[in-house]
file run.pdb (PDB, C-alpha atoms)
ATOM      1  CA  MET A1491       0.000   0.000   0.000  1.00  0.00           C
ATOM      2  CA  ILE A1492       1.209   3.485  -0.801  1.00  0.00           C
ATOM      3  CA  LEU A1493       0.250   7.026   0.077  1.00  0.00           C
ATOM      4  CA  GLU A1494      -0.240   9.755  -2.499  1.00  0.00           C
ATOM      5  CA  GLN A1495       0.417  13.168  -0.968  1.00  0.00           C
ATOM      6  CA  ALA A1496      -0.100  16.651  -2.371  1.00  0.00           C
ATOM      7  CA  ILE A1497      -0.246  20.135  -0.907  1.00  0.00           C
ATOM      8  CA  LEU A1498      -2.950  21.996  -2.806  1.00  0.00           C
ATOM      9  CA  ASN A1499      -2.687  25.775  -3.015  1.00  0.00           C
ATOM     10  CA  ILE A1500      -5.996  27.179  -4.179  1.00  0.00           C
ATOM     11  CA  LYS A1501      -6.459  30.491  -5.992  1.00  0.00           C
ATOM     12  CA  ALA A1502      -7.253  33.236  -3.481  1.00  0.00           C
ATOM     13  CA  GLY A1503     -10.896  33.353  -2.477  1.00  0.00           C
ATOM     14  CA  LYS A1504     -11.785  30.158  -4.348  1.00  0.00           C
ATOM     15  CA  SER A1505     -11.671  27.759  -1.398  1.00  0.00           C
ATOM     16  CA  ALA A1506     -15.413  27.403  -0.820  1.00  0.00           C
ATOM     17  CA  GLU A1507     -15.940  26.699  -4.516  1.00  0.00           C
ATOM     18  CA  PHE A1508     -13.031  24.220  -4.491  1.00  0.00           C
ATOM     19  CA  GLU A1509     -14.518  22.315  -1.537  1.00  0.00           C
ATOM     20  CA  LYS A1510     -17.826  22.063  -3.368  1.00  0.00           C
ATOM     21  CA  ALA A1511     -16.091  20.711  -6.475  1.00  0.00           C
ATOM     22  CA  PHE A1512     -14.082  18.265  -4.366  1.00  0.00           C
ATOM     23  CA  SER A1513     -17.312  16.916  -2.933  1.00  0.00           C
ATOM     24  CA  ASP A1514     -18.199  15.688  -6.446  1.00  0.00           C
ATOM     25  CA  ALA A1515     -14.615  14.739  -7.327  1.00  0.00           C
ATOM     26  CA  GLN A1516     -14.219  12.437  -4.340  1.00  0.00           C
ATOM     27  CA  GLU A1517     -16.942  10.174  -5.765  1.00  0.00           C
ATOM     28  CA  ILE A1518     -14.749   9.673  -8.835  1.00  0.00           C
ATOM     29  CA  ILE A1519     -11.670   8.721  -6.823  1.00  0.00           C
ATOM     30  CA  LYS A1520     -13.668   6.428  -4.525  1.00  0.00           C
ATOM     31  CA  SER A1521     -14.647   4.203  -7.410  1.00  0.00           C
ATOM     32  CA  ALA A1522     -11.125   4.009  -8.899  1.00  0.00           C
ATOM     33  CA  LYS A1523      -9.432   0.593  -8.995  1.00  0.00           C
ATOM     34  CA  GLY A1524      -6.960   0.222  -6.133  1.00  0.00           C
ATOM     35  CA  TYR A1525      -8.353   3.156  -4.126  1.00  0.00           C
ATOM     36  CA  ILE A1526      -8.463   2.480  -0.374  1.00  0.00           C
ATOM     37  CA  SER A1527      -9.295   5.791   1.335  1.00  0.00           C
ATOM     38  CA  HIS A1528      -8.609   9.520   1.287  1.00  0.00           C
ATOM     39  CA  ASN A1529      -8.501  12.656   3.399  1.00  0.00           C
ATOM     40  CA  LEU A1530      -8.866  16.269   2.412  1.00  0.00           C
ATOM     41  CA  GLN A1531      -7.519  18.424   5.217  1.00  0.00           C
ATOM     42  CA  ARG A1532      -7.657  22.231   5.510  1.00  0.00           C
ATOM     43  CA  SER A1533      -4.659  24.218   6.715  1.00  0.00           C
ATOM     44  CA  ILE A1534      -5.033  25.963  10.053  1.00  0.00           C
ATOM     45  CA  ASP A1535      -1.959  28.162   9.429  1.00  0.00           C
ATOM     46  CA  SER A1536      -2.573  29.554   5.969  1.00  0.00           C
ATOM     47  CA  ALA A1537      -5.645  30.338   3.895  1.00  0.00           C
ATOM     48  CA  ASP A1538      -6.485  28.485   0.698  1.00  0.00           C
ATOM     49  CA  ARG A1539      -4.130  25.588   1.423  1.00  0.00           C
ATOM     50  CA  TYR A1540      -5.107  21.923   1.676  1.00  0.00           C
ATOM     51  CA  LEU A1541      -3.474  18.542   2.177  1.00  0.00           C
ATOM     52  CA  LEU A1542      -4.715  15.697   0.016  1.00  0.00           C
ATOM     53  CA  LEU A1543      -3.829  12.164   1.072  1.00  0.00           C
ATOM     54  CA  ILE A1544      -4.983   9.129  -0.909  1.00  0.00           C
ATOM     55  CA  LYS A1545      -4.124   5.564   0.044  1.00  0.00           C
ATOM     56  CA  TRP A1546      -3.790   3.152  -2.912  1.00  0.00           C
ATOM     57  CA  GLN A1547      -3.119  -0.564  -3.160  1.00  0.00           C
ATOM     58  CA  THR A1548      -0.150   0.094  -5.481  1.00  0.00           C
ATOM     59  CA  ILE A1549       1.554   3.073  -7.097  1.00  0.00           C
ATOM     60  CA  ASN A1550       0.455   1.719 -10.489  1.00  0.00           C
ATOM     61  CA  ASP A1551      -3.191   1.960  -9.479  1.00  0.00           C
ATOM     62  CA  HIS A1552      -2.646   5.711  -9.226  1.00  0.00           C
ATOM     63  CA  VAL A1553      -0.040   6.530 -11.862  1.00  0.00           C
ATOM     64  CA  ASN A1554      -1.002   4.151 -14.664  1.00  0.00           C
ATOM     65  CA  GLY A1555      -4.522   3.101 -13.724  1.00  0.00           C
ATOM     66  CA  PHE A1556      -6.303   6.226 -12.504  1.00  0.00           C
ATOM     67  CA  ARG A1557      -4.379   8.817 -14.513  1.00  0.00           C
ATOM     68  CA  ASN A1558      -5.058   6.944 -17.760  1.00  0.00           C
ATOM     69  CA  SER A1559      -8.723   6.304 -17.034  1.00  0.00           C
ATOM     70  CA  PRO A1560     -11.592   8.251 -18.667  1.00  0.00           C
ATOM     71  CA  GLU A1561     -12.707   9.177 -15.124  1.00  0.00           C
ATOM     72  CA  TYR A1562      -9.467  11.119 -14.628  1.00  0.00           C
ATOM     73  CA  GLN A1563     -10.637  13.599 -17.258  1.00  0.00           C
ATOM     74  CA  ASN A1564     -13.660  14.392 -15.075  1.00  0.00           C
ATOM     75  CA  TRP A1565     -11.491  14.686 -11.950  1.00  0.00           C
ATOM     76  CA  LYS A1566      -9.220  17.094 -13.843  1.00  0.00           C
ATOM     77  CA  LYS A1567     -12.145  19.123 -15.158  1.00  0.00           C
ATOM     78  CA  LEU A1568     -13.567  19.531 -11.657  1.00  0.00           C
ATOM     79  CA  LEU A1569     -10.336  20.404  -9.841  1.00  0.00           C
ATOM     80  CA  HIS A1570      -7.368  21.487 -11.928  1.00  0.00           C
ATOM     81  CA  ASP A1571      -8.488  25.077 -12.506  1.00  0.00           C
ATOM     82  CA  PHE A1572      -8.399  25.795  -8.762  1.00  0.00           C
ATOM     83  CA  TYR A1573      -4.686  25.109  -8.302  1.00  0.00           C
ATOM     84  CA  GLN A1574      -2.034  27.824  -8.271  1.00  0.00           C
ATOM     85  CA  PRO A1575       0.645  26.631  -8.703  1.00  0.00           C
ATOM     86  CA  PHE A1576      -0.083  23.146  -9.998  1.00  0.00           C
ATOM     87  CA  PRO A1577       0.688  20.783  -7.114  1.00  0.00           C
ATOM     88  CA  GLU A1578       3.598  18.383  -6.892  1.00  0.00           C
ATOM     89  CA  VAL A1579       2.375  14.879  -6.110  1.00  0.00           C
ATOM     90  CA  VAL A1580       4.698  12.606  -4.132  1.00  0.00           C
ATOM     91  CA  HIS A1581       4.225   8.930  -3.253  1.00  0.00           C
ATOM     92  CA  PHE A1582       5.315   7.510   0.081  1.00  0.00           C
ATOM     93  CA  GLU A1583       5.486   4.180   1.863  1.00  0.00           C
ATOM     94  CA  LYS A1584       5.257   3.774   5.624  1.00  0.00           C
ATOM     95  CA  ILE A1585       8.380   2.801   7.574  1.00  0.00           C
ATOM     96  CA  GLU A1586       6.849   0.356  10.026  1.00  0.00           C
ATOM     97  CA  ASN A1587       9.346   0.626  12.881  1.00  0.00           C
ATOM     98  CA  LEU A1588       9.398   4.428  12.624  1.00  0.00           C
ATOM     99  CA  SER A1589       5.616   4.849  12.788  1.00  0.00           C
ATOM    100  CA  SER A1590       2.687   4.112  15.014  1.00  0.00           C
ATOM    101  CA  GLU A1591      -0.842   3.510  13.760  1.00  0.00           C
ATOM    102  CA  LEU A1592      -2.215   6.847  12.593  1.00  0.00           C
ATOM    103  CA  ILE A1593      -5.967   7.136  12.052  1.00  0.00           C
ATOM    104  CA  LEU A1594      -7.059  10.198  10.105  1.00  0.00           C
TER     105      LEU A1594
ATOM    106  CA  MET B 764      -7.353  16.969  16.855  1.00  0.00           C
ATOM    107  CA  ILE B 765      -4.909  18.348  14.328  1.00  0.00           C
ATOM    108  CA  LEU B 766      -2.292  17.000  11.951  1.00  0.00           C
ATOM    109  CA  GLU B 767       1.259  18.336  11.783  1.00  0.00           C
ATOM    110  CA  GLN B 768       2.719  17.740   8.326  1.00  0.00           C
ATOM    111  CA  ALA B 769       6.243  18.257   7.014  1.00  0.00           C
ATOM    112  CA  ILE B 770       8.145  17.113   3.956  1.00  0.00           C
ATOM    113  CA  LEU B 771      11.684  16.364   5.110  1.00  0.00           C
ATOM    114  CA  ASN B 772      14.467  16.658   2.561  1.00  0.00           C
ATOM    115  CA  ILE B 773      17.566  14.958   3.931  1.00  0.00           C
ATOM    116  CA  LYS B 774      21.142  15.802   2.935  1.00  0.00           C
ATOM    117  CA  ALA B 775      22.253  13.488   0.117  1.00  0.00           C
ATOM    118  CA  GLY B 776      23.464  10.114   1.325  1.00  0.00           C
ATOM    119  CA  LYS B 777      22.422  10.733   4.939  1.00  0.00           C
ATOM    120  CA  SER B 778      19.101   8.876   4.879  1.00  0.00           C
ATOM    121  CA  ALA B 779      20.221   5.707   6.684  1.00  0.00           C
ATOM    122  CA  GLU B 780      21.773   7.819   9.431  1.00  0.00           C
ATOM    123  CA  PHE B 781      18.637   9.984   9.622  1.00  0.00           C
ATOM    124  CA  GLU B 782      16.400   6.936  10.044  1.00  0.00           C
ATOM    125  CA  LYS B 783      18.611   5.702  12.883  1.00  0.00           C
ATOM    126  CA  ALA B 784      18.385   9.097  14.601  1.00  0.00           C
ATOM    127  CA  PHE B 785      14.630   9.201  14.076  1.00  0.00           C
ATOM    128  CA  SER B 786      14.329   5.852  15.828  1.00  0.00           C
ATOM    129  CA  ASP B 787      15.587   7.579  19.013  1.00  0.00           C
ATOM    130  CA  ALA B 788      13.737  10.840  18.315  1.00  0.00           C
ATOM    131  CA  GLN B 789      10.334   9.155  18.030  1.00  0.00           C
ATOM    132  CA  GLU B 790      10.587   8.116  21.692  1.00  0.00           C
ATOM    133  CA  ILE B 791      10.781  11.823  22.605  1.00  0.00           C
ATOM    134  CA  ILE B 792       7.710  12.753  20.598  1.00  0.00           C
ATOM    135  CA  LYS B 793       5.736   9.756  21.873  1.00  0.00           C
ATOM    136  CA  SER B 794       5.979  11.016  25.434  1.00  0.00           C
ATOM    137  CA  ALA B 795       5.019  14.624  24.605  1.00  0.00           C
ATOM    138  CA  LYS B 796       1.786  16.001  26.092  1.00  0.00           C
ATOM    139  CA  GLY B 797      -1.031  15.905  23.541  1.00  0.00           C
ATOM    140  CA  TYR B 798       0.763  13.489  21.176  1.00  0.00           C
ATOM    141  CA  ILE B 799      -1.589  10.907  19.636  1.00  0.00           C
ATOM    142  CA  SER B 800       0.374   9.091  16.917  1.00  0.00           C
ATOM    143  CA  HIS B 801       2.869   9.573  14.103  1.00  0.00           C
ATOM    144  CA  ASN B 802       4.079   8.209  10.796  1.00  0.00           C
ATOM    145  CA  LEU B 803       7.429   8.552   9.092  1.00  0.00           C
ATOM    146  CA  GLN B 804       7.013   7.637   5.440  1.00  0.00           C
ATOM    147  CA  ARG B 805       9.745   7.294   2.795  1.00  0.00           C
ATOM    148  CA  SER B 806       9.295   8.678  -0.699  1.00  0.00           C
ATOM    149  CA  ILE B 807       9.073   6.143  -3.506  1.00  0.00           C
ATOM    150  CA  ASP B 808       9.665   8.814  -6.174  1.00  0.00           C
ATOM    151  CA  SER B 809      12.710  10.672  -4.935  1.00  0.00           C
ATOM    152  CA  ALA B 810      15.696   9.763  -2.793  1.00  0.00           C
ATOM    153  CA  ASP B 811      16.306  11.308   0.623  1.00  0.00           C
ATOM    154  CA  ARG B 812      12.753  12.613   0.996  1.00  0.00           C
ATOM    155  CA  TYR B 813      10.317  11.758   3.798  1.00  0.00           C
ATOM    156  CA  LEU B 814       6.845  12.678   4.969  1.00  0.00           C
ATOM    157  CA  LEU B 815       6.366  13.241   8.685  1.00  0.00           C
ATOM    158  CA  LEU B 816       2.822  13.236  10.033  1.00  0.00           C
ATOM    159  CA  ILE B 817       2.080  13.750  13.714  1.00  0.00           C
ATOM    160  CA  LYS B 818      -1.416  13.792  15.168  1.00  0.00           C
ATOM    161  CA  TRP B 819      -1.879  16.059  18.216  1.00  0.00           C
ATOM    162  CA  GLN B 820      -4.802  16.772  20.508  1.00  0.00           C
ATOM    163  CA  THR B 821      -4.472  20.536  19.833  1.00  0.00           C
ATOM    164  CA  ILE B 822      -2.191  22.840  17.856  1.00  0.00           C
ATOM    165  CA  ASN B 823      -1.008  24.324  21.163  1.00  0.00           C
ATOM    166  CA  ASP B 824       0.279  20.935  22.285  1.00  0.00           C
ATOM    167  CA  HIS B 825       2.694  21.114  19.367  1.00  0.00           C
ATOM    168  CA  VAL B 826       3.480  24.805  18.948  1.00  0.00           C
ATOM    169  CA  ASN B 827       3.549  25.993  22.557  1.00  0.00           C
ATOM    170  CA  GLY B 828       3.843  22.763  24.520  1.00  0.00           C
ATOM    171  CA  PHE B 829       6.333  20.590  22.666  1.00  0.00           C
ATOM    172  CA  ARG B 830       8.429  23.324  21.045  1.00  0.00           C
ATOM    173  CA  ASN B 831       8.967  25.033  24.411  1.00  0.00           C
ATOM    174  CA  SER B 832       9.756  21.841  26.296  1.00  0.00           C
ATOM    175  CA  PRO B 833      13.281  20.775  27.334  1.00  0.00           C
ATOM    176  CA  GLU B 834      12.686  17.564  25.330  1.00  0.00           C
ATOM    177  CA  TYR B 835      12.430  19.600  22.123  1.00  0.00           C
ATOM    178  CA  GLN B 836      16.123  20.464  22.494  1.00  0.00           C
ATOM    179  CA  ASN B 837      16.945  16.762  22.302  1.00  0.00           C
ATOM    180  CA  TRP B 838      14.630  16.254  19.309  1.00  0.00           C
ATOM    181  CA  LYS B 839      16.370  19.176  17.592  1.00  0.00           C
ATOM    182  CA  LYS B 840      19.842  17.872  18.402  1.00  0.00           C
ATOM    183  CA  LEU B 841      19.007  14.460  16.954  1.00  0.00           C
ATOM    184  CA  LEU B 842      17.309  15.627  13.734  1.00  0.00           C
ATOM    185  CA  HIS B 843      17.843  19.223  12.652  1.00  0.00           C
ATOM    186  CA  ASP B 844      21.293  18.716  11.126  1.00  0.00           C
ATOM    187  CA  PHE B 845      19.905  16.264   8.562  1.00  0.00           C
ATOM    188  CA  TYR B 846      17.529  18.732   6.905  1.00  0.00           C
ATOM    189  CA  GLN B 847      18.361  20.639   3.718  1.00  0.00           C
ATOM    190  CA  PRO B 848      16.514  22.946   3.406  1.00  0.00           C
ATOM    191  CA  PHE B 849      14.894  23.311   6.820  1.00  0.00           C
ATOM    192  CA  PRO B 850      11.343  21.978   6.439  1.00  0.00           C
ATOM    193  CA  GLU B 851       8.161  24.008   6.457  1.00  0.00           C
ATOM    194  CA  VAL B 852       5.707  22.626   8.994  1.00  0.00           C
ATOM    195  CA  VAL B 853       1.999  23.051   8.265  1.00  0.00           C
ATOM    196  CA  HIS B 854      -0.964  22.162  10.486  1.00  0.00           C
ATOM    197  CA  PHE B 855      -4.181  20.755   9.071  1.00  0.00           C
ATOM    198  CA  GLU B 856      -7.614  19.733  10.248  1.00  0.00           C
ATOM    199  CA  LYS B 857      -9.712  17.035   8.608  1.00  0.00           C
ATOM    200  CA  ILE B 858     -12.791  18.064   6.607  1.00  0.00           C
ATOM    201  CA  GLU B 859     -15.161  15.303   7.679  1.00  0.00           C
ATOM    202  CA  ASN B 860     -17.509  15.263   4.694  1.00  0.00           C
ATOM    203  CA  LEU B 861     -14.579  15.416   2.258  1.00  0.00           C
ATOM    204  CA  SER B 862     -12.661  12.500   3.799  1.00  0.00           C
ATOM    205  CA  SER B 863     -13.047   8.829   4.558  1.00  0.00           C
ATOM    206  CA  GLU B 864     -11.302   7.046   7.422  1.00  0.00           C
ATOM    207  CA  LEU B 865      -7.627   6.768   6.509  1.00  0.00           C
ATOM    208  CA  ILE B 866      -5.476   4.357   8.503  1.00  0.00           C
ATOM    209  CA  LEU B 867      -1.738   4.799   8.047  1.00  0.00           C
TER     210      LEU B 867
END
call {"tool": "encode", "arguments": {"input": "run.pdb", "output": "structure tokens"}}
result
Amino acid sequence: MILEQAILNIKAGKSAEFEKAFSDAQEIIKSAKGYISHNLQRSIDSADRYLLLIKWQTINDHVNGFRNSPEYQNWKKLLHDFYQPFPEVVHFEKIENLSSELIL
Amino acid sequence: MILEQAILNIKAGKSAEFEKAFSDAQEIIKSAKGYISHNLQRSIDSADRYLLLIKWQTINDHVNGFRNSPEYQNWKKLLHDFYQPFPEVVHFEKIENLSSELIL
């Protein structure tokens, strides 16, 4: 299992609209092959900043599966216009002995 | 409950040493007031990059409590020399209706 992580910086003043769009977009990701679960978290420190975490079975489920699916075009259409700059997505794997169980 | 998040970029070639130091450092954080749980995750995409997530009861437990504690000096001594650049720490809160339960 792997974790997709991205800091999302949203165009100033567009956060409410972004959250509304994400409410539809999350239904797309939830039905993707290999999807396990996700969190959208809102920054407490700075406005218009979010943390997106998505847990996948494998990195291929995200990079090759989801990104090449027709559903990705709908995800993109709903969300990509809100980002400034376009986010860097990084994939991580848990280091068991350097972690405790974290429930988000 | 809040989530502390930081991307840690480690000086080239120092990752094994950093992980060893983190093994000691995690014992410090585990005994901090307000600490709930943590994850250290290793990037799959790029070398010497980690994601640190720490769940706290409140933001004050981290920012005022832990950072002003004598134990923070030991945490700093163990870890701060590995970072390049020094990481930006951001605090987030979960948006319930835009998240599912995520177990890391």
call {"tool": "residues_near_point", "arguments": {"input": "run.pdb", "point": "(7.5, 14.6, 19.2)", "cutoff": "10 Å", "atoms": "all atoms listed in the file", "output": "PDB file with C-alpha atoms, in the coordinates of the input"}}
result
ATOM      1  CA  ALA B 788      13.737  10.840  18.315  1.00  0.00           C
ATOM      2  CA  GLN B 789      10.334   9.155  18.030  1.00  0.00           C
ATOM      3  CA  GLU B 790      10.587   8.116  21.692  1.00  0.00           C
ATOM      4  CA  ILE B 791      10.781  11.823  22.605  1.00  0.00           C
ATOM      5  CA  ILE B 792       7.710  12.753  20.598  1.00  0.00           C
ATOM      6  CA  LYS B 793       5.736   9.756  21.873  1.00  0.00           C
ATOM      7  CA  SER B 794       5.979  11.016  25.434  1.00  0.00           C
ATOM      8  CA  ALA B 795       5.019  14.624  24.605  1.00  0.00           C
ATOM      9  CA  LYS B 796       1.786  16.001  26.092  1.00  0.00           C
ATOM     10  CA  GLY B 797      -1.031  15.905  23.541  1.00  0.00           C
ATOM     11  CA  TYR B 798       0.763  13.489  21.176  1.00  0.00           C
ATOM     12  CA  ILE B 799      -1.589  10.907  19.636  1.00  0.00           C
ATOM     13  CA  SER B 800       0.374   9.091  16.917  1.00  0.00           C
ATOM     14  CA  HIS B 801       2.869   9.573  14.103  1.00  0.00           C
ATOM     15  CA  ILE B 817       2.080  13.750  13.714  1.00  0.00           C
ATOM     16  CA  LYS B 818      -1.416  13.792  15.168  1.00  0.00           C
ATOM     17  CA  TRP B 819      -1.879  16.059  18.216  1.00  0.00           C
ATOM     18  CA  HIS B 825       2.694  21.114  19.367  1.00  0.00           C
ATOM     19  CA  PHE B 829       6.333  20.590  22.666  1.00  0.00           C
ATOM     20  CA  ARG B 830       8.429  23.324  21.045  1.00  0.00           C
ATOM     21  CA  GLU B 834      12.686  17.564  25.330  1.00  0.00           C
ATOM     22  CA  TYR B 835      12.430  19.600  22.123  1.00  0.00           C
ATOM     23  CA  TRP B 838      14.630  16.254  19.309  1.00  0.00           C
TER      24      TRP B 838
END
call {"tool": "resolve_selection", "arguments": {"input": "run.pdb", "expression": "the PyMOL selection byres ((chain A) within 8 of (chain B))", "output": "ChimeraX atom specification"}}
result
/A:1509,1512-1513,1516,1527-1535,1540-1541,1545,1580-1585,1587-1594
call {"tool": "resolve_selection", "arguments": {"input": "run.pdb", "expression": "the PyMOL selection byres ((chain A and resi 1501) around 10)", "output": "list in words"}}
result
Leu1498, Asn1499, Ile1500, Ala1502, Gly1503, Lys1504, Ser1505, Phe1508, Ala1537, Asp1538, Arg1539, Asp1571, Phe1572, Tyr1573, Gln1574 and Pro1575 of chain A
call {"tool": "atom_distance", "arguments": {"input": "run.pdb", "atom1": "CA of Glu1507 (chain A)", "atom2": "CA of Lys1566 (chain A)"}}
result
15.0 Å
call {"tool": "atom_distance", "arguments": {"input": "run.pdb", "atom1": "CA of Leu1568 (chain A)", "atom2": "CA of Glu851 (chain B)"}}
result
28.6 Å
call {"tool": "atom_distance", "arguments": {"input": "run.pdb", "atom1": "CA of Ala1496 (chain A)", "atom2": "CA of His1570 (chain A)"}}
result
12.9 Å
call {"tool": "axis_aligned_box", "arguments": {"input": "run.pdb", "around": "region 843-857 of chain B", "padding_each_side": "8 Å", "output": "lines of an AutoDock Vina configuration file"}}
result
center_x = 5.8
center_y = 20.1
center_z = 8.0
size_x = 47.0
size_y = 23.7
size_z = 25.2
